[in-house]
Amino acid sequence: MVPDTVTVSPDVGSPVRGRLLEAMATCVMERGYRDTTVADVVRVARTSRRSFYQEFDDKQACFVELLRTTNDAMIAAISENVDPDAEWTAQIRQAVEAYVEVTEQNPEIAWSWIRELPALGESARRIQVDAMESLIAVLVPLTDTPRMRESGISPMTHETAVMIWGGIRELAASAVEQKRSLYTIVEPVVGACIALVGANIGR
């Protein structure tokens with residue numbers, strides 16, 4: 001049975017495709033991507049190998065699509081939960097807490113994204129780059145609002161956004177590996193982001 005906490009983006013195409021993505025998520029959470037087989041996925045999805053290969057070329061294609069949809073869900077959560085009229089440090093906390101809340105639902109998937117996806121080689125590089133750029137496209141505008149400018153905040157550079165996102169991902173992976181709640185990274189991440197975003201105030 002697919003756990004209630006395993007969800008994927010509603011924009012996944014056919015119902016069978018959605019079931020397969022949810023099944024892949026369940027398998028990754030239970031045994032990791034490397035030990036998951038197509039047979040495992042179709043068993044959990046209660047469908048056939050023929051249906052699987054009508055939707056995906058192989059196991060990796062299904063995994064990559066799962067990561068894309070979960071990344072989209074995380075970006076949407078950040079966009080929806082940040083109040084552009086709030087005080088700037090509050091906006092940073094809102095963004096971090098939105099990321100953690102979504103990621104904590106399926107921490108093993110987040111770990112697979114950070115640790116297992118790079119091992120797939122060049123074929124997976126495109127989704128890594130696209131995912132990072134999609135998140136940066138959300139983060140940078142958050143620091144380029146009237147409220148931020150009133151507080152003396154300069155728009156975040158692309159390089160700063162890359163550093164922030166890289167640091168968050170590494171802290172998240174370490175928390176999962178140490179079997180800690182992802183909520184334990186909230187305060188360190190908020191503090192670091194405030195320091196980086198507010199570094200130019202008064203200069």
# chains A, B, ... in the order shown; residues from 1 in each chain; ligands from 1
call {"tool": "residues_around", "arguments": {"residues": "Ser134 of chain A", "least_positions_apart": "2", "cutoff": "12 Å", "atoms": "only C-alpha atoms", "output": "JSON, numbers by chain"}}
result
{"A": [68, 71, 72, 73, 74, 75, 76, 78, 79, 127, 128, 129, 130, 131, 132, 136, 137, 138, 139, 140, 141, 158, 161, 162, 165]}
call {"tool": "residues_around", "arguments": {"residues": "segment 92-104 of chain A", "least_positions_apart": "3", "cutoff": "10 Å", "atoms": "only C-alpha atoms", "output": "PyMOL selection string"}}
result
chain A and resi 5+70-71+73-83+86-89+107-111+139+142-143+168+172+176+181-187+189-191+193-194+197
call {"tool": "atom_distance", "arguments": {"atom1": "atom CA of Ala175 of chain A", "atom2": "atom CA of Gly18 of chain A"}}
result
28.7 Å
call {"tool": "select_by_dssp", "arguments": {"residues": "segment 26-194 of chain A", "states": "helix (DSSP H, G or I)", "output": "NGL selection string"}}
result
:A and (26-31 or 38-45 or 49-55 or 59-81 or 88-105 or 107-120 or 122-142 or 146-150 or 158-177 or 182-194)
call {"tool": "atom_distance", "arguments": {"atom1": "atom CA of Asp35 of chain A", "atom2": "atom CA of Leu171 of chain A"}}
result
24.3 Å
call {"tool": "decode", "arguments": {"residues": "segment 121-137 of chain A", "atoms": "all heavy atoms", "output": "compact mmCIF listing (two decimals), in the first residue's frame"}}
result
# COMPACT_ATOMS: atom_id res chain seq x y z
N GLY A 121 25.62 9.42 -13.27
CA GLY A 121 26.47 9.94 -14.34
C GLY A 121 25.89 11.09 -15.13
O GLY A 121 24.96 11.77 -14.70
N GLU A 122 26.43 11.28 -16.31
CA GLU A 122 26.09 12.42 -17.14
C GLU A 122 24.61 12.45 -17.51
O GLU A 122 24.03 13.51 -17.68
CB GLU A 122 26.94 12.42 -18.41
CG GLU A 122 26.85 13.70 -19.24
CD GLU A 122 27.28 14.94 -18.46
OE1 GLU A 122 28.19 14.82 -17.61
OE2 GLU A 122 26.70 16.01 -18.72
N SER A 123 24.00 11.27 -17.62
CA SER A 123 22.60 11.21 -18.01
C SER A 123 21.69 11.88 -16.99
O SER A 123 20.58 12.31 -17.31
CB SER A 123 22.16 9.76 -18.21
OG SER A 123 22.32 9.02 -17.01
N ALA A 124 22.17 11.95 -15.74
CA ALA A 124 21.38 12.57 -14.68
C ALA A 124 21.77 14.02 -14.44
O ALA A 124 21.09 14.73 -13.69
CB ALA A 124 21.53 11.78 -13.39
N ARG A 125 22.84 14.45 -15.07
CA ARG A 125 23.34 15.80 -14.82
C ARG A 125 22.33 16.87 -15.21
O ARG A 125 22.18 17.89 -14.53
CB ARG A 125 24.65 16.02 -15.60
CG ARG A 125 25.25 17.41 -15.48
CD ARG A 125 25.61 17.74 -14.06
NE ARG A 125 26.18 19.07 -13.95
CZ ARG A 125 26.29 19.73 -12.80
NH1 ARG A 125 25.87 19.19 -11.67
NH2 ARG A 125 26.82 20.94 -12.78
N ARG A 126 21.59 16.64 -16.30
CA ARG A 126 20.65 17.64 -16.77
C ARG A 126 19.58 17.96 -15.74
O ARG A 126 19.25 19.12 -15.51
CB ARG A 126 19.99 17.15 -18.06
CG ARG A 126 19.05 18.15 -18.74
CD ARG A 126 19.82 19.29 -19.35
NE ARG A 126 19.79 20.51 -18.53
CZ ARG A 126 20.65 21.49 -18.63
NH1 ARG A 126 21.65 21.40 -19.48
NH2 ARG A 126 20.56 22.55 -17.88
N ILE A 127 19.04 16.92 -15.10
CA ILE A 127 17.99 17.18 -14.12
C ILE A 127 18.55 17.88 -12.89
O ILE A 127 17.89 18.70 -12.27
CB ILE A 127 17.25 15.88 -13.71
CG1 ILE A 127 16.04 16.25 -12.84
CG2 ILE A 127 18.15 14.92 -12.98
CD1 ILE A 127 15.15 15.10 -12.49
N GLN A 128 19.80 17.58 -12.52
CA GLN A 128 20.41 18.28 -11.40
C GLN A 128 20.51 19.77 -11.67
O GLN A 128 20.18 20.60 -10.83
CB GLN A 128 21.80 17.71 -11.12
CG GLN A 128 21.82 16.31 -10.53
CD GLN A 128 23.24 15.82 -10.31
OE1 GLN A 128 23.94 15.48 -11.26
NE2 GLN A 128 23.67 15.82 -9.08
N VAL A 129 21.00 20.09 -12.87
CA VAL A 129 21.15 21.49 -13.25
C VAL A 129 19.79 22.17 -13.35
O VAL A 129 19.59 23.29 -12.83
CB VAL A 129 21.91 21.61 -14.59
CG1 VAL A 129 21.91 23.06 -15.08
CG2 VAL A 129 23.34 21.10 -14.44
N ASP A 130 18.85 21.52 -14.01
CA ASP A 130 17.51 22.10 -14.17
C ASP A 130 16.85 22.35 -12.82
O ASP A 130 16.21 23.38 -12.60
CB ASP A 130 16.63 21.19 -15.02
CG ASP A 130 17.04 21.19 -16.48
OD1 ASP A 130 17.83 22.06 -16.88
OD2 ASP A 130 16.57 20.30 -17.23
N ALA A 131 16.99 21.38 -11.91
CA ALA A 131 16.37 21.51 -10.58
C ALA A 131 16.97 22.66 -9.82
O ALA A 131 16.26 23.45 -9.18
CB ALA A 131 16.53 20.20 -9.80
N MET A 132 18.28 22.78 -9.87
CA MET A 132 18.94 23.88 -9.16
C MET A 132 18.52 25.22 -9.74
O MET A 132 18.21 26.16 -9.00
CB MET A 132 20.46 23.73 -9.25
CG MET A 132 21.21 24.83 -8.51
SD MET A 132 23.01 24.59 -8.52
CE MET A 132 23.37 24.80 -10.27
N GLU A 133 18.49 25.32 -11.06
CA GLU A 133 18.12 26.59 -11.68
C GLU A 133 16.66 26.94 -11.40
O GLU A 133 16.31 28.11 -11.26
CB GLU A 133 18.38 26.53 -13.19
CG GLU A 133 19.86 26.45 -13.55
CD GLU A 133 20.67 27.64 -13.05
OE1 GLU A 133 20.12 28.76 -12.99
OE2 GLU A 133 21.85 27.45 -12.70
N SER A 134 15.81 25.92 -11.31
CA SER A 134 14.40 26.17 -11.01
C SER A 134 14.25 26.75 -9.61
O SER A 134 13.45 27.66 -9.38
CB SER A 134 13.59 24.87 -11.12
OG SER A 134 13.57 24.41 -12.45
N LEU A 135 15.02 26.21 -8.67
CA LEU A 135 14.95 26.72 -7.30
C LEU A 135 15.54 28.12 -7.22
O LEU A 135 14.97 29.01 -6.57
CB LEU A 135 15.69 25.80 -6.35
CG LEU A 135 15.63 26.22 -4.88
CD1 LEU A 135 14.19 26.16 -4.37
CD2 LEU A 135 16.53 25.37 -4.03
N ILE A 136 16.65 28.35 -7.89
CA ILE A 136 17.27 29.67 -7.88
C ILE A 136 16.33 30.71 -8.49
O ILE A 136 16.27 31.86 -8.03
CB ILE A 136 18.62 29.62 -8.62
CG1 ILE A 136 19.63 28.84 -7.78
CG2 ILE A 136 19.14 31.03 -8.91
CD1 ILE A 136 20.94 28.58 -8.48
N ALA A 137 15.57 30.29 -9.49
CA ALA A 137 14.60 31.19 -10.12
C ALA A 137 13.51 31.63 -9.14
O ALA A 137 12.86 32.65 -9.34
CB ALA A 137 13.96 30.52 -11.33
